[in-house]
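Asks: Pasting in a structure now, in C-alpha cells, and then I'll have a few things to ask.
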Protein chains: 2
Amino acid sequence: MGADLLDATFAALSDPTRRAILARLAVGEATVTELAAPFEVTQPAISKHLKVLERAGLISRGRDAQRRPCRLRAEPLRAATDWLERYRAYWEESYQRLDALLDELKADELKADESNADGSKADG
Amino acid sequence: MGADLLDATFAALSDPTRRAILARLAVGEATVTELAAPFEVTQPAISKHLKVLERAGLISRGRDAQRRPCRLRAEPLRAATDWLERYRAYWEESYQRLDALLDELKADELKADESNADGSKADG
C-alpha cells in the first residue's frame with residue numbers, strides 16, 4: 001500500500017463522526033439514514049463523511065440505487081496498524097520508564113515509612 | 001485519552017513528511033536543520049510540520065534556545081493503536097475469506113488438471 005493510501009486512511013480516521021460510522025459498520029451494513037440517526041448532523045454531512053471513507057477504501061456502497069447500504073472494508077486499517085506497530089516498542093518503553101519511576105518512588109516512600117517506624121520505636 | 005487527542009494524532013499521521021519525521025526521531029533526537037536535510041522542503045515548512053506534531057503530543061522540543069532538539073513522544077500512538085486493534089479481527093477475517101477463496105480456486109484448478117489428466121490417460 002502506497003503512502004497516498006496511508007495518508008487517506010489516517011486523514012479519514014482523524015474525525016470522531018467518521019470513526020463512529022466505522023464502529024457502527026463493524027456491526028453490520030447500514031444505509032445513510034440509519035448511519036445519520038445517532039448523530040446531530042444532517043444527512044448531507046454524513047454523505048460527505050461517507051465520501052471521505054469511500055475514497056480511503058474504508059467502506060463500499062451497495063448497488064441498490066435506493067438504499068446504497070454501506071459496508072466496512074477494514075483492509076486499509078491493516079497498513080495503518082502495521083505502520084503504528086513499529087512504534088509499539090517506544091510507547092511500551094515509555095511505560096516501562098514510568099513503571100520504573102513509580103517503583104523508585106514507592107521504594108523511597110517505603111524507606112521513609114520504615115525510618116519513621118524506627119523513629120517511633122526509638123521514641124516508645 | 002479523549003477523542004480530540006485521537007483526532008490530532010490521526011491528523012498528524014496523515015502526512016508522509018510528518019510520518020518520516022517521526023521515523024527519523026525514533027532513531028534519536030534531532031534539530032530542525034537535521035530534520036529538514038533529507039526533505040525537499042524549506043525549513044519553515046518543516047517547522048510547520050513540527051508544530052502539528054507538537055500539538056498532537058507526538059514530539060517535544062528541548063529547552064536549548066539555539067538548537068531546540070526534537071524528541072519522539074510515542075505515547076499518543078498507543079491510543080491510536082488501541083483504536084485500530086479493535087478492527088484487527090475484521091481485516092484478518094477479510095484475509096481469511098480471501099485465503100478461503102484462493103484455496104477454492106486452487107482446488108478447482110486441481111480438479112480441472114486431474115480431469116484433464118484423466119482425459120489424456122483415456123486418450124493415451
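Ligands are numbered from 1 in the order shown, residues from 1 within each chain, and chains are lettered A, B, ... in the order they appear in the C-alpha cells.
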Which polymer residues have any atom within 7 Å of an atom of region 15-29 of chain B, counting only C-alpha atoms, with same-chain residues fewer than 4 positions away left out, as a count of residues only?

Replies: 8

Asks: At what distance in Å, to one decimal, does CA of Lys51 (chain A) lie from CA of Thr33 (chain A)?

Replies: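 Computed distance, CA of Thr33 (chain A) to CA of Lys51 (chain A), equals 14.8 Å.
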
Asks: Using only C-alpha atoms, which of A:Arg63, A:Glu34, A:Ser47, A:Ala79 sits nearest Gly2 (chain A)?

Replies: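 Of all the options, A:Ala79 lies closest to Gly2 (chain A).
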
Asks: Given a cut-off of 6 Å, which residues of chain B touch chain A, counting only C-alpha atoms, written out as a compact mmCIF listing (two decimals) with N, CA, C and O atoms, in the first residue's frame?

Replies:
```
# COMPACT_ATOMS: atom_id res chain seq x y z
N ASP B 7 -8.15 12.55 17.34
CA ASP B 7 -8.28 13.34 16.11
C ASP B 7 -6.92 13.91 15.72
O ASP B 7 -6.48 13.78 14.57
N PHE B 10 -4.32 11.13 14.59
CA PHE B 10 -4.55 10.62 13.23
C PHE B 10 -4.30 11.71 12.17
O PHE B 10 -3.72 11.42 11.12
N ALA B 11 -4.69 12.96 12.47
CA ALA B 11 -4.46 14.06 11.52
C ALA B 11 -2.95 14.26 11.33
O ALA B 11 -2.49 14.44 10.20
N SER B 14 -1.41 11.77 8.97
CA SER B 14 -1.94 11.72 7.60
C SER B 14 -1.01 12.37 6.58
O SER B 14 -1.38 12.52 5.42
N ASP B 15 0.19 12.76 7.00
CA ASP B 15 1.13 13.40 6.08
C ASP B 15 2.44 12.62 6.02
O ASP B 15 3.02 12.31 7.08
N ALA B 74 6.15 8.89 21.87
CA ALA B 74 5.33 7.87 21.18
C ALA B 74 4.00 7.60 21.86
O ALA B 74 3.12 6.95 21.29
N GLU B 75 3.85 8.11 23.09
CA GLU B 75 2.68 7.80 23.91
C GLU B 75 1.32 7.91 23.17
O GLU B 75 0.51 6.98 23.26
N TYR B 90 -11.51 -7.79 11.79
CA TYR B 90 -12.18 -7.56 10.51
C TYR B 90 -11.24 -7.72 9.34
O TYR B 90 -11.58 -8.35 8.36
N TRP B 91 -10.03 -7.10 9.43
CA TRP B 91 -9.16 -7.29 8.26
C TRP B 91 -8.53 -8.65 8.25
O TRP B 91 -8.23 -9.20 7.20
```
